[in-house]
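Visitor: Take this structure first; my questions come after.
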Amino acid sequence: MEPSPSTIAIYVDADACPVKPEVYRVAERHGLKVFVVANSFMMVPRESWIQRVIVSDGFDAADNWIAERVARGAIVITSDIPLADRCIKAGADVIGPTGKPFTEASIGMALATRDMMEDLRAAGAVTGGPKPFSQKDRSAFLQALDVAVQRLKRAGFGG
């Protein structure tokens, strides 16, 4: 079931998302629909407002499913920078699992940094991975998600 254009919906790029339980808590509190999108089976709570979406394991299948459905009023949870860019262009709010919002102002630099790191890795540079996910990241995410929901509600979107 697709949400109506005036309804807030949360789309979770779920394969490596460490904040799914937090998404569920915020969505339940605000009465929002959640789409948990992955390319393999994933356990989700049995709630009418949570929809598990399993896509093919084709390249970017989950990203494409999300990007083709979002618009203003959608909140996308992802750490995938190209997906964040596509969703911002469609009008969605995008938040990374650490609580960092992706915006029109920040996405260009995020894409450039991602490309530079990819080039360094391809050249054999040891760049290390992301720092471990912390309780501080979890708290920042909860706050960012709540702020995004409140902002959309003030803009006339509903649960």
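Chain labels run A, B, ... following the order of the structure tokens; each chain numbers its residues from 1, and ligands are numbered from 1 in the order shown.
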What are the nearest atom pairs, with distances in Å to one decimal, for all residues of segment 39-117 of chain A that come at most 9 Å from segment 7-29 of chain A, using only C-alpha atoms, set out by chain and rising residue number as a tab-separated table?
Guide:
```
residue	atom	partner	partner_atom	distance
A:Asn39	CA	A:Asp15	CA	7.3
A:Ser40	CA	A:Asp15	CA	8.0
A:Met42	CA	A:Asp15	CA	8.4
A:Val44	CA	A:Lys20	CA	8.8
A:Pro45	CA	A:Tyr24	CA	8.5
A:Trp49	CA	A:Glu28	CA	8.1
A:Ile50	CA	A:Tyr24	CA	8.0
A:Ala62	CA	A:Asp13	CA	7.0
A:Asp63	CA	A:Asp13	CA	7.2
A:Ile66	CA	A:Tyr11	CA	6.8
A:Val70	CA	A:Tyr11	CA	8.2
A:Arg72	CA	A:Ile8	CA	8.6
A:Gly73	CA	A:Ile8	CA	4.9
A:Ala74	CA	A:Ala9	CA	5.0
A:Ile75	CA	A:Ile10	CA	4.7
A:Val76	CA	A:Tyr11	CA	4.7
A:Ile77	CA	A:Val12	CA	4.8
A:Thr78	CA	A:Asp13	CA	5.3
A:Ser79	CA	A:Cys17	CA	8.0
A:Asp80	CA	A:Asp13	CA	8.2
A:Pro97	CA	A:Val19	CA	6.2
A:Thr98	CA	A:Val19	CA	8.7
```
Visitor: Please identify which residues in chain A DSSP calls strand (DSSP E) from the backbone, and express them as a PDB file with N, CA, C and O atoms, in the first residue's frame.
Guide:
```
ATOM      1  N   ALA A   9       5.659   9.164   5.283  1.00  0.00           N
ATOM      2  CA  ALA A   9       6.061   7.757   5.276  1.00  0.00           C
ATOM      3  C   ALA A   9       7.577   7.701   5.425  1.00  0.00           C
ATOM      4  O   ALA A   9       8.288   8.588   4.951  1.00  0.00           O
ATOM      5  N   ILE A  10       8.042   6.663   6.086  1.00  0.00           N
ATOM      6  CA  ILE A  10       9.477   6.470   6.284  1.00  0.00           C
ATOM      7  C   ILE A  10       9.923   5.277   5.450  1.00  0.00           C
ATOM      8  O   ILE A  10       9.319   4.206   5.517  1.00  0.00           O
ATOM      9  N   TYR A  11      10.958   5.468   4.656  1.00  0.00           N
ATOM     10  CA  TYR A  11      11.529   4.420   3.818  1.00  0.00           C
ATOM     11  C   TYR A  11      12.910   4.089   4.370  1.00  0.00           C
ATOM     12  O   TYR A  11      13.770   4.966   4.462  1.00  0.00           O
ATOM     13  N   VAL A  12      13.113   2.831   4.746  1.00  0.00           N
ATOM     14  CA  VAL A  12      14.381   2.409   5.343  1.00  0.00           C
ATOM     15  C   VAL A  12      15.156   1.555   4.353  1.00  0.00           C
ATOM     16  O   VAL A  12      14.677   0.503   3.916  1.00  0.00           O
ATOM     17  N   ASP A  13      16.346   2.017   3.984  1.00  0.00           N
ATOM     18  CA  ASP A  13      17.289   1.229   3.193  1.00  0.00           C
ATOM     19  C   ASP A  13      17.891   0.249   4.209  1.00  0.00           C
ATOM     20  O   ASP A  13      18.839   0.562   4.919  1.00  0.00           O
ATOM     21  N   LYS A  33       3.571   5.282   8.493  1.00  0.00           N
ATOM     22  CA  LYS A  33       3.822   4.069   7.712  1.00  0.00           C
ATOM     23  C   LYS A  33       5.328   3.928   7.513  1.00  0.00           C
ATOM     24  O   LYS A  33       6.019   4.917   7.252  1.00  0.00           O
ATOM     25  N   VAL A  34       5.841   2.698   7.626  1.00  0.00           N
ATOM     26  CA  VAL A  34       7.266   2.421   7.426  1.00  0.00           C
ATOM     27  C   VAL A  34       7.417   1.352   6.357  1.00  0.00           C
ATOM     28  O   VAL A  34       6.764   0.303   6.425  1.00  0.00           O
ATOM     29  N   PHE A  35       8.281   1.608   5.392  1.00  0.00           N
ATOM     30  CA  PHE A  35       8.637   0.621   4.374  1.00  0.00           C
ATOM     31  C   PHE A  35      10.073   0.191   4.646  1.00  0.00           C
ATOM     32  O   PHE A  35      10.985   1.011   4.624  1.00  0.00           O
ATOM     33  N   VAL A  36      10.260  -1.089   4.942  1.00  0.00           N
ATOM     34  CA  VAL A  36      11.580  -1.644   5.233  1.00  0.00           C
ATOM     35  C   VAL A  36      12.013  -2.383   3.969  1.00  0.00           C
ATOM     36  O   VAL A  36      11.493  -3.451   3.660  1.00  0.00           O
ATOM     37  N   VAL A  37      12.960  -1.796   3.229  1.00  0.00           N
ATOM     38  CA  VAL A  37      13.308  -2.294   1.901  1.00  0.00           C
ATOM     39  C   VAL A  37      14.672  -2.980   1.942  1.00  0.00           C
ATOM     40  O   VAL A  37      15.664  -2.397   2.371  1.00  0.00           O
ATOM     41  N   ALA A  38      14.697  -4.236   1.496  1.00  0.00           N
ATOM     42  CA  ALA A  38      15.931  -5.019   1.508  1.00  0.00           C
ATOM     43  C   ALA A  38      15.911  -6.000   0.338  1.00  0.00           C
ATOM     44  O   ALA A  38      14.856  -6.268  -0.230  1.00  0.00           O
ATOM     45  N   ILE A  50       3.915  -1.321   9.346  1.00  0.00           N
ATOM     46  CA  ILE A  50       5.263  -1.667   8.848  1.00  0.00           C
ATOM     47  C   ILE A  50       5.103  -2.611   7.674  1.00  0.00           C
ATOM     48  O   ILE A  50       4.460  -3.654   7.793  1.00  0.00           O
ATOM     49  N   GLN A  51       5.675  -2.249   6.548  1.00  0.00           N
ATOM     50  CA  GLN A  51       5.625  -3.117   5.367  1.00  0.00           C
ATOM     51  C   GLN A  51       7.033  -3.532   4.979  1.00  0.00           C
ATOM     52  O   GLN A  51       7.891  -2.688   4.718  1.00  0.00           O
ATOM     53  N   ARG A  52       7.265  -4.844   4.963  1.00  0.00           N
ATOM     54  CA  ARG A  52       8.543  -5.382   4.504  1.00  0.00           C
ATOM     55  C   ARG A  52       8.475  -5.453   2.980  1.00  0.00           C
ATOM     56  O   ARG A  52       7.513  -5.968   2.417  1.00  0.00           O
ATOM     57  N   VAL A  53       9.501  -4.929   2.317  1.00  0.00           N
ATOM     58  CA  VAL A  53       9.571  -4.975   0.858  1.00  0.00           C
ATOM     59  C   VAL A  53      10.861  -5.697   0.496  1.00  0.00           C
ATOM     60  O   VAL A  53      11.954  -5.229   0.825  1.00  0.00           O
ATOM     61  N   ILE A  54      10.725  -6.850  -0.141  1.00  0.00           N
ATOM     62  CA  ILE A  54      11.908  -7.599  -0.583  1.00  0.00           C
ATOM     63  C   ILE A  54      12.028  -7.405  -2.082  1.00  0.00           C
ATOM     64  O   ILE A  54      11.115  -7.736  -2.839  1.00  0.00           O
ATOM     65  N   ALA A  74       8.156  12.315   2.400  1.00  0.00           N
ATOM     66  CA  ALA A  74       8.827  11.049   2.704  1.00  0.00           C
ATOM     67  C   ALA A  74      10.102  11.343   3.493  1.00  0.00           C
ATOM     68  O   ALA A  74      10.744  12.368   3.291  1.00  0.00           O
ATOM     69  N   ILE A  75      10.436  10.411   4.373  1.00  0.00           N
ATOM     70  CA  ILE A  75      11.709  10.461   5.086  1.00  0.00           C
ATOM     71  C   ILE A  75      12.443   9.180   4.732  1.00  0.00           C
ATOM     72  O   ILE A  75      11.901   8.086   4.877  1.00  0.00           O
ATOM     73  N   VAL A  76      13.658   9.304   4.243  1.00  0.00           N
ATOM     74  CA  VAL A  76      14.461   8.156   3.843  1.00  0.00           C
ATOM     75  C   VAL A  76      15.615   7.995   4.825  1.00  0.00           C
ATOM     76  O   VAL A  76      16.302   8.964   5.144  1.00  0.00           O
ATOM     77  N   ILE A  77      15.803   6.763   5.298  1.00  0.00           N
ATOM     78  CA  ILE A  77      16.897   6.449   6.209  1.00  0.00           C
ATOM     79  C   ILE A  77      17.907   5.618   5.428  1.00  0.00           C
ATOM     80  O   ILE A  77      17.616   4.487   5.012  1.00  0.00           O
ATOM     81  N   ASP A  93      13.071  14.077   2.683  1.00  0.00           N
ATOM     82  CA  ASP A  93      14.043  14.333   3.732  1.00  0.00           C
ATOM     83  C   ASP A  93      14.886  13.065   3.853  1.00  0.00           C
ATOM     84  O   ASP A  93      14.335  11.962   3.809  1.00  0.00           O
ATOM     85  N   VAL A  94      16.194  13.205   4.010  1.00  0.00           N
ATOM     86  CA  VAL A  94      17.072  12.037   4.087  1.00  0.00           C
ATOM     87  C   VAL A  94      17.963  12.171   5.318  1.00  0.00           C
ATOM     88  O   VAL A  94      18.578  13.211   5.544  1.00  0.00           O
ATOM     89  N   ILE A  95      18.007  11.091   6.093  1.00  0.00           N
ATOM     90  CA  ILE A  95      18.795  11.078   7.328  1.00  0.00           C
ATOM     91  C   ILE A  95      19.674   9.830   7.330  1.00  0.00           C
ATOM     92  O   ILE A  95      19.202   8.727   7.054  1.00  0.00           O
ATOM     93  N   PRO A 101      21.645  14.680   8.743  1.00  0.00           N
ATOM     94  CA  PRO A 101      20.733  14.845   7.608  1.00  0.00           C
ATOM     95  C   PRO A 101      21.520  15.123   6.331  1.00  0.00           C
ATOM     96  O   PRO A 101      22.539  15.809   6.362  1.00  0.00           O
ATOM     97  N   PHE A 102      21.064  14.554   5.241  1.00  0.00           N
ATOM     98  CA  PHE A 102      21.595  14.906   3.933  1.00  0.00           C
ATOM     99  C   PHE A 102      20.679  15.992   3.385  1.00  0.00           C
ATOM    100  O   PHE A 102      19.457  15.854   3.440  1.00  0.00           O
TER     101      PHE A 102
END
```
Visitor: Give me the residues within 12 Å of Ser6 of chain A as a list of chain:residue names, counting only C-alpha atoms and dropping any in the same chain fewer than 4 places off.
Guide: A:Glu2, A:Leu32, A:Val70, A:Ala71, A:Arg72, A:Gly73, A:Ala74, A:Leu152, A:Lys153, A:Ala155, A:Gly156, A:Phe157, A:Gly158, A:Gly159
Visitor: By how many Å are atom CA of Ile88 of chain A and atom CA of Leu145 of chain A apart?
Guide: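 Those two atoms sit 15.5 Å apart.
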Visitor: In Å, how far is it from atom CA of Lys131 of chain A to atom CA of Ala61 of chain A?
Guide: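 Rounded to one decimal, the two atoms are 26.8 Å apart.
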Visitor: So, with only C-alpha atoms as the atoms that count, which of A:Arg86, A:Asn64, A:Gly96, A:Glu104 lies closest to Leu142 of chain A?
Guide: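 Answer, going by the shortest atom-to-atom distance: A:Gly96.
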